[in-house]
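**Q** My structure is stored as run00.cif, with mmCIF, C-alpha atoms.
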data_query
loop_
_atom_site.label_atom_id
_atom_site.label_comp_id
_atom_site.auth_asym_id
_atom_site.auth_seq_id
_atom_site.Cartn_x
_atom_site.Cartn_y
_atom_site.Cartn_z
CA MET E 1 -22.29 -10.95 -15.32
CA ALA E 2 -19.09 -9.81 -13.64
CA LEU E 3 -19.28 -7.66 -10.54
CA LYS E 4 -18.00 -4.12 -10.92
CA PRO E 5 -15.59 -2.40 -8.56
CA THR E 6 -16.83 0.10 -5.99
CA ILE E 7 -15.36 3.56 -6.60
CA PHE E 8 -14.19 5.85 -3.79
CA LYS E 9 -13.10 9.48 -4.10
CA MET E 10 -10.48 10.53 -1.56
CA ASN E 11 -8.97 13.96 -1.05
CA ILE E 12 -5.92 13.56 1.15
CA ASN E 13 -3.88 16.36 2.69
CA LEU E 14 -0.57 14.58 3.11
CA SER E 15 2.21 15.68 5.45
CA ASN E 16 5.15 13.29 5.45
CA LEU E 17 7.44 14.69 8.14
CA ASN E 18 10.02 11.94 7.54
CA ASN E 19 11.03 13.23 4.12
CA ASP E 20 9.50 16.74 4.04
CA HIS E 21 6.89 15.78 1.43
CA TYR E 22 3.67 17.80 1.57
CA ASP E 23 0.95 17.31 -1.00
CA THR E 24 -2.76 17.24 -1.71
CA LEU E 25 -3.74 13.93 -3.28
CA ASN E 26 -7.00 13.61 -5.18
CA LEU E 27 -7.41 9.86 -5.55
CA THR E 28 -10.02 7.76 -7.26
CA VAL E 29 -9.70 4.31 -5.71
CA ALA E 30 -11.43 1.25 -7.13
CA GLN E 31 -12.24 -1.50 -4.64
CA HIS E 32 -12.16 -4.84 -6.49
CA PRO E 33 -15.25 -6.98 -5.75
CA SER E 34 -13.07 -9.57 -3.98
CA GLU E 35 -11.09 -6.95 -2.01
CA THR E 36 -11.83 -6.17 1.62
CA VAL E 37 -12.17 -2.60 2.82
CA GLU E 38 -9.16 -3.18 5.06
CA ARG E 39 -6.98 -4.19 2.11
CA MET E 40 -8.09 -1.18 0.10
CA MET E 41 -7.34 1.20 2.97
CA ALA E 42 -3.93 -0.45 3.51
CA ARG E 43 -3.29 0.24 -0.22
CA VAL E 44 -4.16 3.89 0.28
CA MET E 45 -1.80 4.14 3.27
CA ALA E 46 1.02 2.49 1.27
CA TYR E 47 0.32 5.04 -1.47
CA CYS E 48 0.65 7.88 1.07
CA LEU E 49 3.91 6.48 2.44
CA ASN E 50 5.41 6.35 -1.06
CA ALA E 51 3.83 9.47 -2.60
CA GLN E 52 5.97 10.77 -5.45
CA GLU E 53 5.73 11.77 -9.07
CA PHE E 54 4.36 9.03 -11.39
CA LEU E 55 3.09 6.88 -8.48
CA SER E 56 -0.17 5.19 -9.48
CA PHE E 57 -2.54 2.41 -8.59
CA THR E 58 -2.58 -0.44 -11.10
CA LYS E 59 -5.47 -2.72 -11.98
CA GLY E 60 -4.24 -4.74 -9.00
CA LEU E 61 -6.29 -7.84 -8.33
CA SER E 62 -7.71 -7.71 -11.86
CA VAL E 63 -4.28 -8.34 -13.43
CA ALA E 64 -2.35 -11.09 -11.67
CA ASP E 65 1.10 -10.07 -12.92
CA ASP E 66 0.87 -6.41 -11.85
CA PRO E 67 1.65 -4.97 -8.44
CA ASP E 68 -0.95 -3.00 -6.48
CA ILE E 69 0.96 0.27 -6.90
CA TRP E 70 3.87 1.20 -9.12
CA VAL E 71 6.07 3.99 -10.38
CA LYS E 72 6.98 3.88 -14.04
CA SER E 73 9.38 6.35 -15.63
CA LEU E 74 8.60 8.25 -18.81
CA ASP E 75 10.56 5.65 -20.75
CA ASP E 76 8.44 2.87 -19.18
CA GLN E 77 11.05 1.56 -16.74
CA LEU E 78 9.54 0.03 -13.61
CA LEU E 79 11.07 2.04 -10.77
CA LEU E 80 8.94 0.92 -7.82
CA TRP E 81 6.79 -2.19 -7.30
CA ILE E 82 4.48 -2.26 -4.26
CA ASP E 83 2.58 -5.41 -3.29
CA MET E 84 -0.01 -5.69 -0.53
CA GLY E 85 -0.68 -8.66 1.71
CA GLU E 86 1.40 -11.82 1.94
CA PRO E 87 2.71 -12.47 -1.57
CA ALA E 88 4.47 -15.66 -2.57
CA PHE E 89 8.26 -15.64 -2.63
CA ASP E 90 8.43 -16.45 -6.36
CA ARG E 91 6.24 -13.43 -7.20
CA ILE E 92 8.47 -11.04 -5.24
CA LYS E 93 11.65 -12.64 -6.61
CA LYS E 94 10.36 -11.96 -10.12
CA ALA E 95 9.36 -8.41 -9.11
CA SER E 96 12.87 -7.75 -7.78
CA ARG E 97 14.24 -8.56 -11.24
CA LEU E 98 11.70 -6.32 -13.00
CA ALA E 99 11.77 -3.24 -10.75
CA LYS E 100 14.57 -1.13 -9.33
CA GLN E 101 12.86 -1.14 -5.90
CA VAL E 102 10.30 -3.54 -4.37
CA LYS E 103 8.20 -2.98 -1.25
CA VAL E 104 5.70 -5.30 0.42
CA TYR E 105 3.10 -4.08 2.91
CA SER E 106 1.52 -6.82 4.99
CA PHE E 107 -1.56 -5.81 6.92
CA ASN E 108 -3.84 -8.60 8.11
CA SER E 109 -4.18 -10.89 11.11
CA LYS E 110 -1.98 -13.63 9.61
CA SER E 111 0.96 -11.30 8.82
CA ALA E 112 3.12 -12.47 11.71
CA VAL E 113 2.77 -16.15 10.73
CA TRP E 114 3.46 -15.37 7.05
CA TRP E 115 6.59 -13.40 7.96
CA LYS E 116 7.86 -16.09 10.33
CA GLN E 117 7.55 -18.68 7.55
CA SER E 118 8.88 -16.43 4.76
CA SER E 119 11.52 -14.17 6.31
CA ALA E 120 14.48 -16.45 5.54
CA ASP E 121 13.60 -16.57 1.83
CA PHE E 122 12.75 -12.87 1.55
CA GLY E 123 15.98 -12.02 3.38
CA LYS E 124 17.87 -13.17 0.26
CA LEU E 125 16.18 -10.47 -1.83
CA ASN E 126 16.93 -6.76 -2.03
CA ILE E 127 13.41 -5.71 -0.99
CA ASP E 128 11.69 -3.81 1.82
CA VAL E 129 8.93 -5.45 3.86
CA TYR E 130 6.60 -3.58 6.21
CA GLN E 131 3.71 -4.59 8.43
CA PHE E 132 0.69 -2.46 9.28
CA ASN E 133 -1.07 -3.17 12.56
CA PHE E 134 -4.27 -4.99 11.53
CA GLU E 135 -6.48 -3.72 14.36
CA GLN E 136 -5.50 -0.17 13.43
CA VAL E 137 -6.28 -0.82 9.75
CA GLN E 138 -9.70 -2.10 10.83
CA ALA E 139 -10.25 1.14 12.78
CA LEU E 140 -9.34 3.14 9.66
CA ALA E 141 -11.76 1.09 7.55
CA LYS E 142 -14.60 2.18 9.86
CA LEU E 143 -13.96 5.82 8.88
CA LEU E 144 -14.60 5.13 5.19
CA LYS E 145 -17.23 6.88 3.11
CA ARG E 146 -17.63 6.92 -0.69
CA THR E 147 -16.38 10.52 -0.88
CA MET E 148 -13.91 11.54 1.81
CA ASP E 149 -11.51 14.20 2.95
CA TYR E 150 -8.55 12.89 4.97
CA SER E 151 -5.59 14.43 6.64
CA VAL E 152 -2.65 12.03 6.83
CA THR E 153 0.44 12.94 8.81
CA ILE E 154 3.43 10.58 8.73
CA ALA E 155 5.97 10.86 11.53
CA GLY E 156 8.47 8.12 12.33
CA ASP E 157 6.79 4.76 11.80
CA THR E 158 3.24 6.02 12.41
CA LEU E 159 0.53 7.41 10.17
CA TYR E 160 -1.95 9.72 11.89
CA ILE E 161 -5.26 9.94 10.05
CA ALA E 162 -8.06 12.44 10.63
CA ALA E 163 -11.35 12.07 8.78
CA GLU E 164 -14.88 13.36 9.01
CA LEU E 165 -15.97 10.31 11.04
CA GLY E 166 -13.04 10.31 13.47
CA GLU E 167 -9.32 9.81 13.91
CA CYS E 168 -6.94 6.88 14.14
CA GLU E 169 -3.31 5.99 13.79
CA ILE E 170 -1.55 3.15 12.03
CA SER E 171 1.84 1.75 12.96
CA CYS E 172 4.06 0.67 10.08
CA ASN E 173 6.66 -1.75 11.39
CA ALA E 174 9.73 -2.30 9.19
CA LEU E 175 10.36 -6.05 8.99
CA GLN E 176 13.17 -5.85 6.41
CA VAL E 177 14.78 -2.76 4.93
CA GLN E 178 17.58 -2.97 2.39
#
Represent the structure from my file as structure tokens, please.
**A**
Amino acid sequence: MALKPTIFKMNINLSNLNNDHYDTLNLTVAQHPSETVERMMARVMAYCLNAQEFLSFTKGLSVADDPDIWVKSLDDQLLLWIDMGEPAFDRIKKASRLAKQVKVYSFNSKSAVWWKQSSADFGKLNIDVYQFNFEQVQALAKLLKRTMDYSVTIAGDTLYIAAELGECEISCNALQVQ
């Protein structure tokens, strides 16, 4: 019998001071059985950074050819492809042909090594690559409950998060921006 995802309900008051975007997000987030809490929370932060109309989580790890987050237009054009972690070059090359814009958010302890090995190849593509600070993502994961209210404020390259169990901040370092 296959394991089922764990479902989280998140109400996020979002204030993105960088682009004057203010919103209340009511998200239902499914954590895949093989997904860490840190990866799921990095996905949520990437969602907050890119909040816009038609932005949605995909089936993610359940469907190998889909990104973690995407924006599709009403006529089914893929406008934005967002991948989490350290994806293979060939995957992102294919994504850059399918979507108008591609973003990668790396977040774990091996991010620096992955980027050092991959930056020359990824530099040939018209994509954006960002890196979350892993220790800060771990601190955010400790604030998680099944039903949560968050306040997320984005200013510069930092996300400030306030939750019922505490506060933290996450740095989002731009590794490559086209």
**Q** Check what the PyMOL selection byres ((chain E and resi 28) around 8) selects in the file above and give those residues as a list in words.
**A**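 Expected selection for the PyMOL selection byres ((chain E and resi 28) around 8) here is Ile7, Phe8, Lys9, Met10, Asn26, Leu27, Val29 and Ala30 of chain E.
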**Q** With the PyMOL selection byres ((chain E and resi 78-87) around 7) as the selection, what would be picked from this file? Answer as a list in words, please.
**A** Arg43, Pro67, Asp68, Ile69, Trp70, Val71, Lys72, Ser73, Asp76, Gln77, Ala88, Phe89, Arg91, Ile92, Ala95, Leu98, Ala99, Lys100, Gln101, Val102, Lys103, Val104, Tyr105, Ser106, Phe107, Ser111 and Trp114 of chain E
**Q** Using only C-alpha atoms for the distances, tell me which of E:Leu143, E:Leu3, E:Ile161, E:Val152 is nearest to Ala51 (chain E).
**A**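 Closest candidate: E:Val152.
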**Q** Find the residue from E:Leu175, E:Ala112, E:Leu159, E:Leu165 that sits nearest to Thr147 (chain E); use all atoms listed in the file when measuring.
**A**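 Closest to Thr147 (chain E) of all the choices is E:Leu165.
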**Q** Just the residues within 12 Å of Ile170 (chain E), please, counting all atoms listed in the file, with nothing from its chain fewer than 6 positions along; format it as a list in words.
**A** Met41, Ala42, Met45, Ala46, Leu49, Phe107, Gln131, Phe132, Asn133, Phe134, Glu135, Gln136, Val137, Gln138, Ala139, Leu140, Ala141, Val152, Thr153, Ile154, Ala155, Gly156, Asp157, Thr158, Leu159, Tyr160, Ile161 and Ala162 of chain E
**Q** By how many Å are CA of Asn50 (chain E) and CA of Thr6 (chain E) apart?
**A**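 Atom-to-atom, CA of Asn50 (chain E) to CA of Thr6 (chain E), that is 23.6 Å.
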